[in-house]
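Visitor: Input: one structure, supplied below.
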Amino acid sequence: MNIQENQHTQNLLDDYEKLVLLEYRQKILNSLILASIAVIIGISAINLFQWFKDPHAAYALRNIIVDGLTIGFLFILWQFNRLGKVESVAWILGALIFTLLGETYAIENINQTFLIMALPILLAGFAIRPWAIFIFLAFTLGWYTWIYYANEQVFPYDIFQTGTLIAISIGAYVVATVLNKTISDVVTAYDETIQGWAAALDMRDTETMGHSKRVVELTLRLASRLDVPPKDLIHIRRGVLIHDIGKMAVPDSILHKPTSLTEEEWAIMRKHPEHAYTYLANVKYLRPALDIPYCHHEKWDGSGYPQGLKGEDIPLAARIFAIVDVWDALLSDRPYRPGWEHETIIDYLRKESGKHFDPKIVPVFIEMLQENA
């Protein structure tokens, strides 16, 4: 592995917790954007009703057009948020809210507008980072002060309102920080539980000991090269660690048999992906990770198991992992055979491209291996 690739892989593993927090922020932003779209649609319906009542009401038509453009813009932000551009979207949305409020304020309602400025402040804390709260707070206080002096002091500077906004900001900072810490602790507990399951399986199936941990790194690197979104790497990592958890239901007499399995024994062994799905389908946080435990024995040509999926009907995560899984299995020594040479395995992968493996992924994986040979 070259230095750059090694550093990239290490960053993926070190940033695991950040990826989970990114997913949490993404959900908050999705909810906020969709709620905003719903509100604007409601306002547009009112404007449309007014326009039908009075077709000469130019303001209503103008508002409808503005609302349509705003919905389109929010939809674009929603798409970018789905791609993982969470912080950029949050900054843009916060700036948009701040600008719209700043442009539409009225002097007689200045104090109410000032407090509504808490919206981008709260958004910053929960969708960007807690410290971003104070950036929006500084802009808001600056805006309020500028309005005060620009209007020749026609209204009193409200210290109470200022103090209220500062208190809201400090409270939001504390809550966002505590939430992030709580999520971090929960993620750590989840991760340690999954690693414990993987270790338990290793203790039971000594023939493949260490296999799950070894293939995590290769799978993450390959997924990253295939431009899998960062948020999906969380579920891929979890899926890899528990990919053989269904073997816990396979009897020792079959799992540890030193000779070839009979047809009846193979039928039992092939049930382990279904066992994994049965065990874990009701575990909400693991549901997105089940593509790998359930589908990593499916084959591109449809001859795999347990569902006989074919081509791109097989989830991408399972197609990525299937190549890495076979690579590590063939590379490792077994009681009944020594590990294969690198070039022999590469030839095998090329031969199975379009049969066992996704033909688009095989060359990417081989290129990755050869770059770091």
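A note on labels: chains of the structure tokens are A, B, ... as shown, every chain counts residues from 1, and ligands are counted from 1 in their shown order.
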Can you list, as an NGL selection string, every residue of region 13-150 of chain A that DSSP puts in alpha helix (DSSP H)?
Guide: :A and (13-14 or 16-53 or 58-82 or 86-104 or 110-116 or 118-123 or 132-150)
Visitor: Please provide the set of residues having any atom within 10 Å of Phe98 (chain A), restricted to only C-alpha atoms, with same-chain residues fewer than 6 positions apart removed, written as a PyMOL selection string.
Guide: chain A and resi 92+116-121+136+139-140+143
Visitor: Find the residues near Ile46 (chain A): any atom within 12 Å, counting only C-alpha atoms, skip ones fewer than 6 places away on the same chain, and give them as a PyMOL selection string.
Guide: chain A and resi 39-40+52-53+60-61+63-64+67
Visitor: Can you tell me which residues surround Trp266 (chain A) at a distance of at most 12 Å, considering only C-alpha atoms, apart from same-chain residues fewer than 2 positions away, and format the answer as an MDAnalysis selection string?
Guide: chainID A and resid 250:251 254:255 257 260:264 268:272 305
Visitor: Grab the residues selected above and save them as a compact mmCIF listing (two decimals), in the first residue's frame with all heavy atoms.
Guide:
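Output file result_11.txt follows:
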# COMPACT_ATOMS: atom_id res chain seq x y z
N VAL A 250 -24.85 -22.49 12.15
CA VAL A 250 -24.38 -23.69 11.46
C VAL A 250 -23.74 -24.64 12.47
O VAL A 250 -22.88 -24.21 13.25
CB VAL A 250 -23.38 -23.33 10.35
CG1 VAL A 250 -22.83 -24.59 9.68
CG2 VAL A 250 -24.02 -22.41 9.33
N PRO A 251 -24.12 -25.91 12.50
CA PRO A 251 -23.55 -26.84 13.48
C PRO A 251 -22.03 -26.96 13.34
O PRO A 251 -21.47 -26.86 12.25
CB PRO A 251 -24.23 -28.18 13.13
CG PRO A 251 -25.48 -27.79 12.41
CD PRO A 251 -25.15 -26.53 11.66
N ILE A 254 -20.46 -29.32 10.78
CA ILE A 254 -20.36 -28.86 9.40
C ILE A 254 -19.32 -27.76 9.28
O ILE A 254 -18.47 -27.77 8.39
CB ILE A 254 -21.74 -28.34 8.91
CG1 ILE A 254 -22.75 -29.49 8.86
CG2 ILE A 254 -21.62 -27.68 7.54
CD1 ILE A 254 -24.15 -29.06 8.48
N LEU A 255 -19.34 -26.82 10.22
CA LEU A 255 -18.43 -25.67 10.16
C LEU A 255 -16.97 -26.10 10.26
O LEU A 255 -16.09 -25.52 9.61
CB LEU A 255 -18.78 -24.70 11.29
CG LEU A 255 -18.23 -23.28 11.18
CD1 LEU A 255 -18.80 -22.57 9.96
CD2 LEU A 255 -18.55 -22.48 12.44
N LYS A 257 -15.79 -29.29 9.63
CA LYS A 257 -15.52 -30.53 8.91
C LYS A 257 -14.26 -30.38 8.04
O LYS A 257 -14.17 -29.46 7.23
CB LYS A 257 -16.72 -30.90 8.03
CG LYS A 257 -16.59 -32.28 7.39
CD LYS A 257 -17.86 -32.64 6.64
CE LYS A 257 -17.75 -34.04 6.02
NZ LYS A 257 -18.97 -34.40 5.28
N SER A 260 -14.62 -32.38 2.34
CA SER A 260 -15.68 -31.72 1.55
C SER A 260 -17.05 -32.00 2.15
O SER A 260 -17.32 -33.08 2.69
CB SER A 260 -15.64 -32.24 0.11
OG SER A 260 -14.41 -31.92 -0.49
N LEU A 261 -17.92 -31.01 2.04
CA LEU A 261 -19.28 -31.14 2.56
C LEU A 261 -20.15 -31.92 1.58
O LEU A 261 -19.96 -31.86 0.37
CB LEU A 261 -19.90 -29.76 2.79
CG LEU A 261 -19.19 -28.82 3.76
CD1 LEU A 261 -19.97 -27.51 3.88
CD2 LEU A 261 -19.02 -29.46 5.13
N THR A 262 -21.12 -32.63 2.13
CA THR A 262 -22.10 -33.33 1.29
C THR A 262 -23.12 -32.31 0.79
O THR A 262 -23.16 -31.16 1.24
CB THR A 262 -22.82 -34.42 2.10
OG1 THR A 262 -23.59 -33.79 3.13
CG2 THR A 262 -21.82 -35.38 2.72
N GLU A 263 -23.98 -32.74 -0.12
CA GLU A 263 -25.02 -31.84 -0.64
C GLU A 263 -25.94 -31.36 0.48
O GLU A 263 -26.34 -30.19 0.53
CB GLU A 263 -25.84 -32.56 -1.71
CG GLU A 263 -25.15 -32.65 -3.07
CD GLU A 263 -24.87 -31.27 -3.66
OE1 GLU A 263 -25.74 -30.37 -3.55
OE2 GLU A 263 -23.77 -31.07 -4.20
N GLU A 264 -26.27 -32.30 1.40
CA GLU A 264 -27.15 -31.93 2.52
C GLU A 264 -26.47 -30.92 3.42
O GLU A 264 -27.09 -29.95 3.89
CB GLU A 264 -27.52 -33.18 3.34
CG GLU A 264 -28.42 -34.17 2.62
CD GLU A 264 -27.66 -35.03 1.60
OE1 GLU A 264 -26.40 -34.99 1.61
OE2 GLU A 264 -28.33 -35.72 0.81
N ILE A 268 -27.34 -26.78 4.31
CA ILE A 268 -27.39 -26.15 5.63
C ILE A 268 -26.46 -24.94 5.67
O ILE A 268 -26.82 -23.87 6.18
CB ILE A 268 -27.01 -27.17 6.72
CG1 ILE A 268 -28.06 -28.28 6.79
CG2 ILE A 268 -26.85 -26.48 8.07
CD1 ILE A 268 -27.68 -29.43 7.70
N MET A 269 -25.23 -25.10 5.11
CA MET A 269 -24.26 -24.00 5.11
C MET A 269 -24.80 -22.79 4.34
O MET A 269 -24.61 -21.64 4.74
CB MET A 269 -22.95 -24.48 4.48
CG MET A 269 -21.87 -23.40 4.38
SD MET A 269 -21.29 -22.84 6.01
CE MET A 269 -20.04 -24.08 6.32
N ARG A 270 -25.48 -23.06 3.24
CA ARG A 270 -25.99 -21.96 2.41
C ARG A 270 -27.14 -21.20 3.06
O ARG A 270 -27.58 -20.19 2.54
CB ARG A 270 -26.44 -22.51 1.04
CG ARG A 270 -25.30 -22.96 0.15
CD ARG A 270 -25.80 -23.20 -1.27
NE ARG A 270 -24.73 -23.66 -2.12
CZ ARG A 270 -24.54 -24.93 -2.50
NH1 ARG A 270 -25.39 -25.87 -2.07
NH2 ARG A 270 -23.53 -25.27 -3.27
N LYS A 271 -27.59 -21.68 4.19
CA LYS A 271 -28.65 -20.99 4.92
C LYS A 271 -28.11 -19.81 5.75
O LYS A 271 -28.89 -19.00 6.25
CB LYS A 271 -29.38 -21.97 5.85
CG LYS A 271 -30.26 -22.99 5.15
CD LYS A 271 -31.57 -22.34 4.71
CE LYS A 271 -32.52 -23.39 4.13
NZ LYS A 271 -33.78 -22.77 3.67
N HIS A 272 -26.77 -19.72 5.89
CA HIS A 272 -26.26 -18.73 6.85
C HIS A 272 -26.58 -17.28 6.46
O HIS A 272 -26.79 -16.45 7.36
CB HIS A 272 -24.76 -18.93 7.12
CG HIS A 272 -23.84 -18.44 6.05
ND1 HIS A 272 -23.39 -19.26 5.03
CD2 HIS A 272 -23.26 -17.24 5.85
CE1 HIS A 272 -22.58 -18.55 4.25
NE2 HIS A 272 -22.48 -17.33 4.72
N TYR A 305 -26.52 -17.54 -4.09
CA TYR A 305 -27.57 -17.81 -3.12
C TYR A 305 -27.57 -16.70 -2.07
O TYR A 305 -26.60 -15.96 -1.97
CB TYR A 305 -27.38 -19.20 -2.48
CG TYR A 305 -26.10 -19.37 -1.69
CD1 TYR A 305 -26.05 -19.09 -0.30
CD2 TYR A 305 -24.93 -19.82 -2.30
CE1 TYR A 305 -24.87 -19.26 0.42
CE2 TYR A 305 -23.75 -19.98 -1.58
CZ TYR A 305 -23.73 -19.69 -0.22
OH TYR A 305 -22.57 -19.86 0.50
Visitor: Find the distance between CA of Arg319 (chain A) and CA of Asp358 (chain A) and write it in Å to one decimal.
Guide: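 For CA of Arg319 (chain A) relative to CA of Asp358 (chain A), the distance reads 6.4 Å.
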Visitor: Identify which of the residues A:Lys213, A:Asp347, A:Asn151, A:Ala318 lies closest to Gln195 (chain A), counting only C-alpha atoms when measuring atom-to-atom distances.
Guide: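 Of A:Lys213, A:Asp347, A:Asn151, A:Ala318, the one nearest Gln195 (chain A), counting only C-alpha atoms, is A:Lys213.
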Visitor: Pick from A:Ala45, A:Ile166, A:Ile314, A:Ala198: nearest to Ile245 (chain A), with only C-alpha atoms counted?
Guide: A:Ala198
Visitor: For a test of reading the model, state the distance in Å between CA of Gly196 (chain A) and CA of Ser224 (chain A), rounded to one decimal.
Guide: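 So the two atoms, CA of Gly196 (chain A) and CA of Ser224 (chain A), lie 25.5 Å apart.
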Visitor: Smallest atom-to-atom distance to Gly311 (chain A): which of A:Leu165, A:Ile41, A:Ile346, A:Ile361, using only C-alpha atoms?
Guide: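 Closest to Gly311 (chain A) of all the choices is A:Ile361.
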Visitor: Point out the residue among A:Ala172, A:Val86, A:Pro258, A:Ala289 with the least atom-to-atom distance to Ile234 (chain A), counting only C-alpha atoms.
Guide: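 The shortest atom-to-atom distance to Ile234 (chain A) comes from A:Ala289.
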Visitor: Taking only C-alpha atoms into account, name the residue in A:Thr145, A:Ser353, A:Ser36, A:Thr188 that is nearest to Ile97 (chain A).
Guide: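 Comparing A:Thr145, A:Ser353, A:Ser36, A:Thr188 against Ile97 (chain A), the winner is A:Ser36.
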Visitor: Fewer than 6 positions away in the same chain doesn't count, so skip those; otherwise give me all residues within 12 Å of Asp291 (chain A), counting only C-alpha atoms, as a ChimeraX atom specification.
Guide: /A:232,235-240,242-243,273-274,276-277,280-281,297-298,313-322
Visitor: Identify which of the residues A:Ala249, A:Pro306, A:Pro288, A:Leu218 lies closest to Asp328 (chain A), counting only C-alpha atoms when measuring atom-to-atom distances.
Guide: A:Leu218
Visitor: Quick check, in Å to one decimal: how far apart do CA of Gly68 (chain A) and CA of Leu29 (chain A) lie?
Guide: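 Taking CA of Gly68 (chain A) and CA of Leu29 (chain A), their separation equals 20.1 Å.
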Visitor: Near Ser88 (chain A), counting only C-alpha atoms, which residues have an atom at most 12 Å away, once you skip same-chain residues fewer than 3 positions from it, shown as a VMD selection string?
Guide: chain A and resid 22 25 to 26 29 77 to 78 80 to 85 91 to 95 124 127 to 129
Visitor: Got a sec: who's within 7 Å of Lys299 (chain A), counting only C-alpha atoms, leaving out chain neighbours fewer than 2 positions off, as a list in words?
Guide: His297, Asp301, Gly302, Ser303, Gly304, Lys310, Lys355, His356 and Phe357 of chain A
Visitor: What does the file look like for those residues with C-alpha atoms, as an mmCIF file, in the first residue's frame?
Guide:
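Listed below is the output, result_33.cif:
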data_model
loop_
_atom_site.group_PDB
_atom_site.id
_atom_site.type_symbol
_atom_site.label_atom_id
_atom_site.label_comp_id
_atom_site.auth_asym_id
_atom_site.auth_seq_id
_atom_site.Cartn_x
_atom_site.Cartn_y
_atom_site.Cartn_z
ATOM 1 C CA HIS A 297 -22.877 -14.932 -1.848
ATOM 2 C CA ASP A 301 -24.776 -14.333 -13.431
ATOM 3 C CA GLY A 302 -27.569 -15.237 -11.003
ATOM 4 C CA SER A 303 -26.121 -18.564 -9.860
ATOM 5 C CA GLY A 304 -25.499 -17.465 -6.266
ATOM 6 C CA LYS A 310 -28.497 -11.256 -10.908
ATOM 7 C CA LYS A 355 -19.820 -14.602 -13.905
ATOM 8 C CA HIS A 356 -19.256 -14.422 -10.169
ATOM 9 C CA PHE A 357 -18.240 -10.761 -9.957
#
